[in-house]
>>> print(open('start00.cif').read())   # mmCIF, C-alpha atoms
data_my_file
loop_
_atom_site.label_atom_id
_atom_site.label_comp_id
_atom_site.auth_asym_id
_atom_site.auth_seq_id
_atom_site.Cartn_x
_atom_site.Cartn_y
_atom_site.Cartn_z
CA MET M 26 24.29 15.40 -5.90
CA PRO M 27 22.70 15.61 -9.38
CA SER M 28 19.17 14.37 -9.86
CA SER M 29 18.73 10.71 -10.83
CA SER M 30 16.74 9.65 -13.89
CA ARG M 31 14.93 7.01 -11.84
CA CYS M 32 11.35 7.65 -10.73
CA ALA M 33 8.84 6.16 -8.30
CA VAL M 34 5.09 6.75 -8.11
CA ILE M 35 3.64 6.49 -4.60
CA THR M 36 -0.08 6.44 -3.79
CA GLY M 37 -1.18 7.38 -0.29
CA ALA M 38 1.84 9.69 -0.14
CA ALA M 39 0.19 12.40 1.97
CA SER M 40 0.81 10.59 5.25
CA GLY M 41 1.80 7.43 7.04
CA ILE M 42 3.49 4.61 5.14
CA GLY M 43 3.28 6.39 1.78
CA ARG M 44 5.00 9.50 3.11
CA ALA M 45 7.70 7.43 4.84
CA ILE M 46 8.44 5.39 1.73
CA SER M 47 8.57 8.58 -0.35
CA TYR M 48 11.07 10.08 2.08
CA ALA M 49 13.21 6.92 2.06
CA LEU M 50 13.25 6.87 -1.74
CA ALA M 51 14.20 10.55 -1.88
CA LYS M 52 17.20 9.86 0.34
CA ARG M 53 18.30 7.50 -2.44
CA ASN M 54 18.04 10.37 -4.92
CA ILE M 55 15.00 8.91 -6.69
CA ASN M 56 12.54 11.30 -8.31
CA LEU M 57 8.98 11.12 -7.02
CA VAL M 58 5.41 11.41 -8.17
CA LEU M 59 3.27 11.69 -5.04
CA ALA M 60 -0.45 10.90 -5.28
CA ASP M 61 -3.23 11.18 -2.72
CA ILE M 62 -6.69 12.67 -2.40
CA ASP M 63 -5.34 14.89 0.43
CA GLU M 64 -3.69 17.73 -1.50
CA ASP M 65 -2.60 19.62 1.62
CA GLY M 66 -0.95 16.47 2.93
CA LEU M 67 0.81 16.00 -0.42
CA ARG M 68 2.22 19.52 -0.21
CA GLN M 69 3.44 18.86 3.33
CA SER M 70 5.08 15.61 2.21
CA ALA M 71 6.76 17.35 -0.72
CA ALA M 72 8.05 20.18 1.48
CA HIS M 73 9.40 17.72 4.06
CA ILE M 74 11.17 15.68 1.37
CA ALA M 75 12.56 18.73 -0.44
CA LYS M 76 14.35 19.87 2.71
CA ALA M 77 16.09 16.51 3.09
CA ALA M 78 16.78 15.87 -0.60
CA PRO M 79 16.86 19.18 -2.50
CA SER M 80 18.19 17.62 -5.71
CA VAL M 81 15.24 15.25 -6.04
CA ARG M 82 12.51 16.26 -8.47
CA ILE M 83 9.06 15.96 -6.92
CA SER M 84 5.70 16.16 -8.64
CA ILE M 85 2.41 15.95 -6.77
CA LEU M 86 -0.98 15.09 -8.18
CA LYS M 87 -4.23 15.07 -6.25
CA THR M 88 -5.73 11.69 -7.12
CA ASP M 89 -9.00 10.06 -6.14
CA LEU M 90 -8.10 6.36 -6.25
CA SER M 91 -11.77 5.41 -6.54
CA ARG M 92 -11.87 6.94 -10.03
CA ALA M 93 -10.20 4.99 -12.83
CA GLU M 94 -9.80 8.06 -15.02
CA GLN M 95 -7.78 9.83 -12.34
CA ILE M 96 -5.44 6.84 -12.02
CA THR M 97 -5.01 6.85 -15.79
CA ALA M 98 -4.21 10.55 -15.54
CA LEU M 99 -1.66 9.78 -12.81
CA SER M 100 0.12 7.33 -15.09
CA GLU M 101 0.11 9.79 -17.99
CA HIS M 102 1.36 12.56 -15.71
CA ALA M 103 4.23 10.48 -14.31
CA PHE M 104 5.53 9.30 -17.68
CA ALA M 105 5.16 12.77 -19.19
CA ALA M 106 7.03 14.37 -16.29
CA PHE M 107 9.92 11.91 -16.04
CA GLY M 108 9.91 9.80 -19.20
CA GLN M 109 9.94 6.58 -17.22
CA VAL M 110 8.61 5.04 -14.00
CA ASP M 111 10.76 2.44 -12.27
CA TRP M 112 8.59 1.68 -9.25
CA LEU M 113 4.91 1.91 -8.39
CA TYR M 114 4.16 1.81 -4.66
CA ASN M 115 0.50 1.22 -3.77
CA CYS M 116 0.45 2.53 -0.18
CA ALA M 117 -3.02 4.04 0.24
CA GLY M 118 -5.24 2.31 2.77
CA THR M 119 -8.28 2.77 4.97
CA LEU M 120 -10.53 0.68 7.21
CA VAL M 121 -13.91 0.58 8.90
CA SER M 122 -15.05 -1.64 11.75
CA GLY M 123 -18.29 -3.33 12.69
CA ARG M 124 -20.34 -6.45 12.10
CA SER M 125 -19.81 -7.45 8.48
CA TRP M 126 -23.52 -7.76 7.70
CA GLU M 127 -24.37 -4.39 9.26
CA LEU M 128 -21.82 -2.27 7.43
CA ASP M 129 -23.55 -0.51 4.55
CA GLU M 130 -22.52 -0.72 0.91
CA ALA M 131 -20.93 2.72 0.98
CA GLN M 132 -18.59 1.63 3.79
CA TRP M 133 -17.68 -1.57 1.95
CA ALA M 134 -17.20 0.31 -1.30
CA LYS M 135 -14.87 2.93 0.18
CA VAL M 136 -12.52 0.35 1.68
CA LEU M 137 -12.54 -1.92 -1.38
CA ASP M 138 -12.02 1.07 -3.69
CA ILE M 139 -8.96 2.38 -1.86
CA ASN M 140 -7.38 -0.88 -0.71
CA LEU M 141 -8.10 -3.25 -3.60
CA TRP M 142 -9.62 -1.59 -6.64
CA ALA M 143 -6.89 1.08 -6.61
CA ALA M 144 -4.28 -1.69 -7.00
CA ILE M 145 -6.31 -3.19 -9.84
CA ARG M 146 -6.68 0.21 -11.50
CA THR M 147 -3.00 1.12 -11.14
CA ALA M 148 -2.07 -2.25 -12.65
CA ARG M 149 -4.29 -1.52 -15.64
CA ALA M 150 -2.79 1.94 -16.04
CA PHE M 151 0.88 1.17 -15.43
CA VAL M 152 1.60 -2.42 -16.50
CA PRO M 153 1.14 -1.79 -20.26
CA ARG M 154 3.59 1.12 -19.98
CA PHE M 155 6.01 -1.02 -17.96
CA ILE M 156 5.86 -3.68 -20.69
CA GLU M 157 6.52 -1.04 -23.34
CA GLN M 158 9.55 0.38 -21.50
CA GLY M 159 10.84 -3.11 -20.67
CA SER M 160 10.96 -2.79 -16.90
CA GLY M 161 8.97 -1.86 -13.80
CA HIS M 162 8.45 -3.01 -10.21
CA ILE M 163 5.09 -2.87 -8.42
CA VAL M 164 5.09 -2.84 -4.62
CA ASN M 165 1.71 -3.50 -2.99
CA ILE M 166 1.37 -2.68 0.70
CA ALA M 167 -1.07 -5.22 2.11
CA SER M 168 -1.22 -6.33 5.75
CA LEU M 169 -1.12 -9.31 8.06
CA ALA M 170 -4.87 -9.13 7.44
CA GLY M 171 -4.14 -10.23 3.89
CA LEU M 172 -3.08 -13.63 5.19
CA LEU M 173 -4.96 -13.97 8.47
CA VAL M 174 -8.59 -13.40 9.49
CA GLY M 175 -10.22 -11.79 12.51
CA PRO M 176 -13.61 -10.31 13.41
CA TRP M 177 -15.02 -6.79 13.01
CA LEU M 178 -12.76 -5.70 10.11
CA ALA M 179 -14.34 -7.58 7.22
CA PRO M 180 -13.96 -4.96 4.44
CA TYR M 181 -10.31 -4.37 5.34
CA THR M 182 -9.57 -8.09 5.57
CA VAL M 183 -11.36 -8.88 2.31
CA SER M 184 -9.55 -6.05 0.52
CA LYS M 185 -6.11 -7.10 1.76
CA HIS M 186 -6.72 -10.78 0.93
CA GLY M 187 -7.72 -9.56 -2.52
CA MET M 188 -4.54 -7.51 -2.87
CA VAL M 189 -2.43 -10.54 -1.91
CA ALA M 190 -4.26 -12.75 -4.42
CA LEU M 191 -3.94 -10.09 -7.12
CA SER M 192 -0.19 -9.81 -6.51
CA GLU M 193 0.34 -13.58 -6.61
CA THR M 194 -1.68 -13.83 -9.82
CA MET M 195 0.24 -11.02 -11.49
CA GLN M 196 3.58 -12.57 -10.48
CA GLN M 197 2.56 -15.85 -12.12
CA GLU M 198 1.38 -14.02 -15.24
CA PHE M 199 4.62 -12.04 -15.52
CA SER M 200 6.54 -15.31 -15.23
CA ALA M 201 4.36 -17.22 -17.70
CA LEU M 202 4.65 -14.43 -20.28
CA LYS M 203 8.37 -13.95 -19.54
CA LEU M 204 7.79 -10.26 -18.91
CA PRO M 205 10.73 -8.31 -17.42
CA LEU M 206 8.52 -6.95 -14.62
CA LYS M 207 8.66 -7.45 -10.86
CA ILE M 208 6.13 -7.32 -8.08
CA SER M 209 6.37 -7.41 -4.28
CA ILE M 210 3.67 -7.82 -1.66
CA VAL M 211 4.29 -6.36 1.79
CA CYS M 212 2.35 -7.77 4.77
CA PRO M 213 3.14 -5.60 7.81
CA GLY M 214 1.62 -5.85 11.24
CA PRO M 215 0.95 -2.79 13.41
CA VAL M 216 2.44 0.43 12.02
CA ASN M 217 1.98 3.76 13.79
CA THR M 218 -0.14 5.63 11.26
CA GLY M 219 -3.46 7.50 11.32
CA ILE M 220 -5.44 4.70 9.69
CA CYS M 221 -7.77 4.44 12.72
CA ARG M 222 -8.66 8.12 12.84
CA ASP M 223 -11.88 7.66 10.86
CA ILE M 224 -13.25 4.71 12.84
CA VAL M 225 -16.70 5.58 14.12
CA PRO M 226 -17.21 4.78 17.85
CA ALA M 227 -19.35 1.67 18.34
CA GLN M 228 -21.20 2.80 21.45
CA ASP M 229 -23.99 0.26 21.07
CA ASP M 230 -21.71 -2.75 20.47
CA PRO M 231 -19.27 -3.47 23.31
CA GLN M 232 -17.40 -6.14 21.34
CA VAL M 233 -16.73 -3.84 18.39
CA ALA M 234 -15.92 -0.94 20.72
CA GLY M 235 -13.43 -3.09 22.60
CA SER M 236 -11.87 -4.21 19.34
CA ASN M 237 -11.57 -0.60 18.20
CA ASP M 238 -9.80 0.38 21.41
CA PHE M 239 -7.44 -2.57 21.12
CA LEU M 240 -6.72 -1.71 17.48
CA ARG M 241 -5.98 1.95 18.26
CA ASN M 242 -3.63 1.01 21.09
CA MET M 243 -1.89 -1.64 19.01
CA ILE M 244 -1.35 0.72 16.08
CA SER M 245 -0.17 3.60 18.26
CA ALA M 246 2.45 1.25 19.74
CA GLY M 247 3.36 -0.15 16.32
CA MET M 248 6.43 0.11 14.16
CA HIS M 249 7.42 3.61 13.07
CA PRO M 250 6.65 4.18 9.37
CA ASP M 251 10.29 5.12 8.70
CA GLU M 252 11.44 1.75 10.02
CA LEU M 253 8.89 0.00 7.85
CA ALA M 254 10.06 1.98 4.82
CA ASP M 255 13.65 0.81 5.33
CA ILE M 256 12.50 -2.82 5.54
CA VAL M 257 10.36 -2.46 2.42
CA LEU M 258 13.12 -0.88 0.35
CA ALA M 259 15.59 -3.55 1.45
CA GLY M 260 13.13 -6.22 0.35
CA VAL M 261 12.58 -4.51 -2.99
CA ASP M 262 16.35 -4.23 -3.48
CA ALA M 263 16.58 -8.00 -2.97
CA ASP M 264 13.74 -8.59 -5.47
CA LYS M 265 11.67 -10.33 -2.80
CA PHE M 266 8.09 -11.15 -3.67
CA TRP M 267 7.01 -11.67 -0.04
CA ILE M 268 8.11 -8.99 2.42
CA TYR M 269 7.22 -9.68 6.06
CA PRO M 270 8.17 -6.74 8.32
CA HIS M 271 6.59 -8.54 11.31
CA ALA M 272 7.67 -12.11 10.58
CA ALA M 273 7.82 -13.03 14.28
CA ILE M 274 4.09 -12.28 14.58
CA LEU M 275 2.99 -13.57 11.20
CA LYS M 276 4.72 -16.91 10.77
CA PRO M 277 3.41 -18.70 13.89
CA ALA M 278 -0.14 -17.45 13.26
CA LEU M 279 0.04 -18.33 9.55
CA ARG M 280 1.42 -21.79 10.36
CA GLN M 281 -1.45 -22.39 12.78
CA ARG M 282 -4.00 -21.29 10.19
CA MET M 283 -2.50 -23.55 7.51
CA GLU M 284 -2.41 -26.52 9.88
CA THR M 285 -6.08 -25.94 10.71
CA LEU M 286 -6.98 -25.88 7.01
CA LEU M 287 -4.92 -28.97 6.22
CA ALA M 288 -6.48 -30.87 9.12
CA VAL M 289 -9.93 -30.61 7.57
CA GLU M 290 -11.07 -33.91 6.02
#
>>> encode(input="start00.cif", output="structure tokens")
Amino acid sequence: MPSSSRCAVITGAASGIGRAISYALAKRNINLVLADIDEDGLRQSAAHIAKAAPSVRISILKTDLSRAEQITALSEHAFAAFGQVDWLYNCAGTLVSGRSWELDEAQWAKVLDINLWAAIRTARAFVPRFIEQGSGHIVNIASLAGLLVGPWLAPYTVSKHGMVALSETMQQEFSALKLPLKISIVCPGPVNTGICRDIVPAQDDPQVAGSNDFLRNMISAGMHPDELADIVLAGVDADKFWIYPHAAILKPALRQRMETLLAVE
């Protein structure tokens, strides 16, 4: 099958959800620009994809999403390599756990940089080019934590709420300006990725330690990233703004939260 002219940029492509979405796109014969700070992981992703889709053109670029200039370079690289970018998938994510007031600024900054500021920075780098080319679809991978709230994961929850709010705002701005651009926000529940691997054991805090154990078990039993990727791509195909891979979990909890808020006098 000859190579397509269509192209997708995927952040967080070295593992987990980003790698799975990259693989699913490649099976559709879509060219890829894979970005992540983990260069070895990027090479592994590219090799895995190339075996399954040898006609797809793949470019990798080590990218530190906490640095605006590297995201600008990613945009320049993608458009120079392929002439156009049809989709931008913001898949990178990380988390830390603990009492919100005891986590230091470096821990807060890392999570906000990767989960929220990266989406802000990619919007700044890619949206003007999307406007110029007359098309483009941004897909932001958030979380149930972008709509619900729980203890011990404050930076992650704040970052995902921010990503949801950013996506809703951008959708309204695209509509108000009659721009031919699209955006989707994905709010999955547990997905079996390595996002918990960097959680530091909370030996002196039994509540946080118990939460960490619960989180690890829940994620290890979660949806396979390949299954999530199929759901995401189907939602993008249908031009959905909201994509809920775990609707059965989300909707009752979200309804309860909204009823609690509306009951306040």
>>> residues_around(input="start00.cif", residues="Lys207 of chain M", least_positions_apart="6", cutoff="10 Å", atoms="only C-alpha atoms", output="list in words")
Trp112, Phe155, Ser160, Gly161, His162, Ile163, Val164, Met195, Gln196, Phe199, Ser200, Val261, Asp264, Lys265 and Phe266 of chain M
>>> resolve_selection(input="start00.cif", expression="the PyMOL selection byres ((chain M and resi 88-98) around 12)", output="PyMOL selection string")
chain M and resi 34-39+58-64+67+85-87+99-106+115-119+134-154
>>> atom_distance(input="start00.cif", atom1="atom CA of Ala288 of chain M", atom2="atom CA of Ala273 of chain M")
23.4 Å
>>> closest_residue(input="start00.cif", among="M:Ala263, M:Val216, M:Leu172, M:Leu50", to="Ser245 of chain M", atoms="all atoms listed in the file")
M:Val216
>>> atom_distance(input="start00.cif", atom1="atom CA of Val121 of chain M", atom2="atom CA of Asn237 of chain M")
9.7 Å
>>> residues_near_point(input="start00.cif", point="(-22.8, -3.5, 10.4)", cutoff="12 Å", atoms="only C-alpha atoms", output="count of residues only")
23
>>> residues_around(input="start00.cif", residues="Ala170 of chain M", least_positions_apart="6", cutoff="8 Å", atoms="all atoms listed in the file", output="short mmCIF file (atom, residue, chain, number, x, y, z; two decimals) with C-alpha atoms, in the coordinates of the input")
data_model
loop_
_atom_site.label_atom_id
_atom_site.label_comp_id
_atom_site.auth_asym_id
_atom_site.auth_seq_id
_atom_site.Cartn_x
_atom_site.Cartn_y
_atom_site.Cartn_z
CA TYR M 181 -10.31 -4.37 5.34
CA THR M 182 -9.57 -8.09 5.57
CA LYS M 185 -6.11 -7.10 1.76
CA HIS M 186 -6.72 -10.78 0.93
CA CYS M 212 2.35 -7.77 4.77
#
>>> residues_near_point(input="start00.cif", point="(1.0, -7.7, 12.4)", cutoff="8 Å", atoms="all atoms listed in the file", output="list in words")
Ser168, Leu169, Ala170, Cys212, Pro213, Gly214, Pro215, His271, Ile274 and Leu275 of chain M
>>> atom_distance(input="start00.cif", atom1="atom CA of Arg82 of chain M", atom2="atom CA of Asp262 of chain M")
21.4 Å
>>> resolve_selection(input="start00.cif", expression="the PyMOL selection byres ((chain M and resi 31) around 8)", output="number ranges by chain")
M: 29-30, 32-33, 55-56, 109-111
>>> residues_around(input="start00.cif", residues="Ala167 of chain M", least_positions_apart="4", cutoff="7 Å", atoms="all atoms listed in the file", output="ChimeraX atom specification")
/M:171,185,188-189,210-212
>>> write_last_selection(input="start00.cif", atoms="C-alpha atoms", output="compact mmCIF listing (two decimals), keeping the file's coordinate frame")
# COMPACT_ATOMS: atom_id res chain seq x y z
CA GLY M 171 -4.14 -10.23 3.89
CA LYS M 185 -6.11 -7.10 1.76
CA MET M 188 -4.54 -7.51 -2.87
CA VAL M 189 -2.43 -10.54 -1.91
CA ILE M 210 3.67 -7.82 -1.66
CA VAL M 211 4.29 -6.36 1.79
CA CYS M 212 2.35 -7.77 4.77
>>> residues_around(input="start00.cif", residues="Gly219 of chain M", least_positions_apart="4", cutoff="9 Å", atoms="all atoms listed in the file", output="list of chain:residue names")
M:Ser40, M:Gly41, M:Asp223, M:Ile244, M:Ser245
>>> axis_aligned_box(input="start00.cif", around="segment 109-128 of chain M", padding_each_side="8 Å", output="lines of an AutoDock Vina configuration file")
center_x = -6.8
center_y = -0.6
center_z = -2.3
size_x = 51.1
size_y = 30.3
size_z = 45.9
>>> closest_residue(input="start00.cif", among="M:Asn242, M:Ser47, M:Gln197, M:Asn165", to="Ala75 of chain M", atoms="only C-alpha atoms")
M:Ser47
>>> resolve_selection(input="start00.cif", expression="the PyMOL selection byres ((chain M and resi 79) around 12)", output="list in words")
Met26, Pro27, Ser28, Tyr48, Ala51, Lys52, Arg53, Asn54, Ile55, Asn56, Ala71, Ala72, His73, Ile74, Ala75, Lys76, Ala77, Ala78, Ser80, Val81, Arg82 and Ile83 of chain M
>>> write_last_selection(input="start00.cif", atoms="C-alpha atoms", output="PDB file, in the coordinates of the input")
ATOM      1  CA  MET M  26      24.290  15.400  -5.900  1.00  0.00           C
ATOM      2  CA  PRO M  27      22.700  15.610  -9.380  1.00  0.00           C
ATOM      3  CA  SER M  28      19.170  14.370  -9.860  1.00  0.00           C
ATOM      4  CA  TYR M  48      11.070  10.080   2.080  1.00  0.00           C
ATOM      5  CA  ALA M  51      14.200  10.550  -1.880  1.00  0.00           C
ATOM      6  CA  LYS M  52      17.200   9.860   0.340  1.00  0.00           C
ATOM      7  CA  ARG M  53      18.300   7.500  -2.440  1.00  0.00           C
ATOM      8  CA  ASN M  54      18.040  10.370  -4.920  1.00  0.00           C
ATOM      9  CA  ILE M  55      15.000   8.910  -6.690  1.00  0.00           C
ATOM     10  CA  ASN M  56      12.540  11.300  -8.310  1.00  0.00           C
ATOM     11  CA  ALA M  71       6.760  17.350  -0.720  1.00  0.00           C
ATOM     12  CA  ALA M  72       8.050  20.180   1.480  1.00  0.00           C
ATOM     13  CA  HIS M  73       9.400  17.720   4.060  1.00  0.00           C
ATOM     14  CA  ILE M  74      11.170  15.680   1.370  1.00  0.00           C
ATOM     15  CA  ALA M  75      12.560  18.730  -0.440  1.00  0.00           C
ATOM     16  CA  LYS M  76      14.350  19.870   2.710  1.00  0.00           C
ATOM     17  CA  ALA M  77      16.090  16.510   3.090  1.00  0.00           C
ATOM     18  CA  ALA M  78      16.780  15.870  -0.600  1.00  0.00           C
ATOM     19  CA  SER M  80      18.190  17.620  -5.710  1.00  0.00           C
ATOM     20  CA  VAL M  81      15.240  15.250  -6.040  1.00  0.00           C
ATOM     21  CA  ARG M  82      12.510  16.260  -8.470  1.00  0.00           C
ATOM     22  CA  ILE M  83       9.060  15.960  -6.920  1.00  0.00           C
TER      23      ILE M  83
END
>>> build_atoms(input="start00.cif", residues="segment 218-242 of chain M", atoms="N, CA and C atoms", output="PDB file, in the coordinates of the input")
ATOM      1  N   THR M 218       0.395   4.682  12.220  1.00  0.00           N
ATOM      2  CA  THR M 218      -0.140   5.630  11.260  1.00  0.00           C
ATOM      3  C   THR M 218      -1.506   6.123  11.752  1.00  0.00           C
ATOM      4  N   GLY M 219      -2.141   6.973  10.963  1.00  0.00           N
ATOM      5  CA  GLY M 219      -3.460   7.500  11.320  1.00  0.00           C
ATOM      6  C   GLY M 219      -4.606   6.714  10.734  1.00  0.00           C
ATOM      7  N   ILE M 220      -4.396   5.445  10.391  1.00  0.00           N
ATOM      8  CA  ILE M 220      -5.440   4.700   9.690  1.00  0.00           C
ATOM      9  C   ILE M 220      -6.702   4.527  10.529  1.00  0.00           C
ATOM     10  N   CYS M 221      -6.586   4.620  11.852  1.00  0.00           N
ATOM     11  CA  CYS M 221      -7.770   4.440  12.720  1.00  0.00           C
ATOM     12  C   CYS M 221      -8.540   5.725  12.980  1.00  0.00           C
ATOM     13  N   ARG M 222      -8.061   6.840  12.444  1.00  0.00           N
ATOM     14  CA  ARG M 222      -8.660   8.120  12.840  1.00  0.00           C
ATOM     15  C   ARG M 222     -10.117   8.254  12.399  1.00  0.00           C
ATOM     16  N   ASP M 223     -10.515   7.512  11.355  1.00  0.00           N
ATOM     17  CA  ASP M 223     -11.880   7.660  10.860  1.00  0.00           C
ATOM     18  C   ASP M 223     -12.827   6.582  11.388  1.00  0.00           C
ATOM     19  N   ILE M 224     -12.369   5.734  12.294  1.00  0.00           N
ATOM     20  CA  ILE M 224     -13.250   4.710  12.840  1.00  0.00           C
ATOM     21  C   ILE M 224     -14.337   5.363  13.680  1.00  0.00           C
ATOM     22  N   VAL M 225     -15.565   5.014  13.396  1.00  0.00           N
ATOM     23  CA  VAL M 225     -16.700   5.580  14.120  1.00  0.00           C
ATOM     24  C   VAL M 225     -16.884   4.802  15.429  1.00  0.00           C
ATOM     25  N   PRO M 226     -17.018   5.484  16.582  1.00  0.00           N
ATOM     26  CA  PRO M 226     -17.210   4.780  17.850  1.00  0.00           C
ATOM     27  C   PRO M 226     -18.430   3.867  17.806  1.00  0.00           C
ATOM     28  N   ALA M 227     -18.258   2.653  18.333  1.00  0.00           N
ATOM     29  CA  ALA M 227     -19.350   1.670  18.340  1.00  0.00           C
ATOM     30  C   ALA M 227     -19.953   1.630  19.748  1.00  0.00           C
ATOM     31  N   GLN M 228     -20.701   2.663  20.085  1.00  0.00           N
ATOM     32  CA  GLN M 228     -21.200   2.800  21.450  1.00  0.00           C
ATOM     33  C   GLN M 228     -22.244   1.745  21.808  1.00  0.00           C
ATOM     34  N   ASP M 229     -22.927   1.218  20.795  1.00  0.00           N
ATOM     35  CA  ASP M 229     -23.990   0.260  21.070  1.00  0.00           C
ATOM     36  C   ASP M 229     -23.530  -1.188  20.906  1.00  0.00           C
ATOM     37  N   ASP M 230     -22.235  -1.396  20.682  1.00  0.00           N
ATOM     38  CA  ASP M 230     -21.710  -2.750  20.470  1.00  0.00           C
ATOM     39  C   ASP M 230     -20.415  -2.891  21.252  1.00  0.00           C
ATOM     40  N   PRO M 231     -20.472  -3.423  22.470  1.00  0.00           N
ATOM     41  CA  PRO M 231     -19.270  -3.470  23.310  1.00  0.00           C
ATOM     42  C   PRO M 231     -18.141  -4.302  22.707  1.00  0.00           C
ATOM     43  N   GLN M 232     -18.464  -5.336  21.942  1.00  0.00           N
ATOM     44  CA  GLN M 232     -17.400  -6.140  21.340  1.00  0.00           C
ATOM     45  C   GLN M 232     -16.647  -5.353  20.281  1.00  0.00           C
ATOM     46  N   VAL M 233     -17.376  -4.656  19.418  1.00  0.00           N
ATOM     47  CA  VAL M 233     -16.730  -3.840  18.390  1.00  0.00           C
ATOM     48  C   VAL M 233     -15.977  -2.682  19.027  1.00  0.00           C
ATOM     49  N   ALA M 234     -16.588  -2.047  20.035  1.00  0.00           N
ATOM     50  CA  ALA M 234     -15.920  -0.940  20.720  1.00  0.00           C
ATOM     51  C   ALA M 234     -14.622  -1.395  21.365  1.00  0.00           C
ATOM     52  N   GLY M 235     -14.648  -2.556  21.996  1.00  0.00           N
ATOM     53  CA  GLY M 235     -13.430  -3.090  22.600  1.00  0.00           C
ATOM     54  C   GLY M 235     -12.374  -3.396  21.565  1.00  0.00           C
ATOM     55  N   SER M 236     -12.809  -3.934  20.426  1.00  0.00           N
ATOM     56  CA  SER M 236     -11.870  -4.210  19.340  1.00  0.00           C
ATOM     57  C   SER M 236     -11.260  -2.923  18.802  1.00  0.00           C
ATOM     58  N   ASN M 237     -12.083  -1.884  18.681  1.00  0.00           N
ATOM     59  CA  ASN M 237     -11.570  -0.600  18.200  1.00  0.00           C
ATOM     60  C   ASN M 237     -10.509  -0.033  19.142  1.00  0.00           C
ATOM     61  N   ASP M 238     -10.775  -0.109  20.434  1.00  0.00           N
ATOM     62  CA  ASP M 238      -9.800   0.380  21.410  1.00  0.00           C
ATOM     63  C   ASP M 238      -8.503  -0.412  21.341  1.00  0.00           C
ATOM     64  N   PHE M 239      -8.629  -1.720  21.236  1.00  0.00           N
ATOM     65  CA  PHE M 239      -7.440  -2.570  21.120  1.00  0.00           C
ATOM     66  C   PHE M 239      -6.655  -2.225  19.863  1.00  0.00           C
ATOM     67  N   LEU M 240      -7.372  -2.024  18.749  1.00  0.00           N
ATOM     68  CA  LEU M 240      -6.720  -1.710  17.480  1.00  0.00           C
ATOM     69  C   LEU M 240      -5.981  -0.373  17.555  1.00  0.00           C
ATOM     70  N   ARG M 241      -6.629   0.643  18.130  1.00  0.00           N
ATOM     71  CA  ARG M 241      -5.980   1.950  18.260  1.00  0.00           C
ATOM     72  C   ARG M 241      -4.711   1.840  19.102  1.00  0.00           C
ATOM     73  N   ASN M 242      -4.798   1.140  20.223  1.00  0.00           N
ATOM     74  CA  ASN M 242      -3.630   1.010  21.090  1.00  0.00           C
ATOM     75  C   ASN M 242      -2.514   0.229  20.407  1.00  0.00           C
TER      76      ASN M 242
END
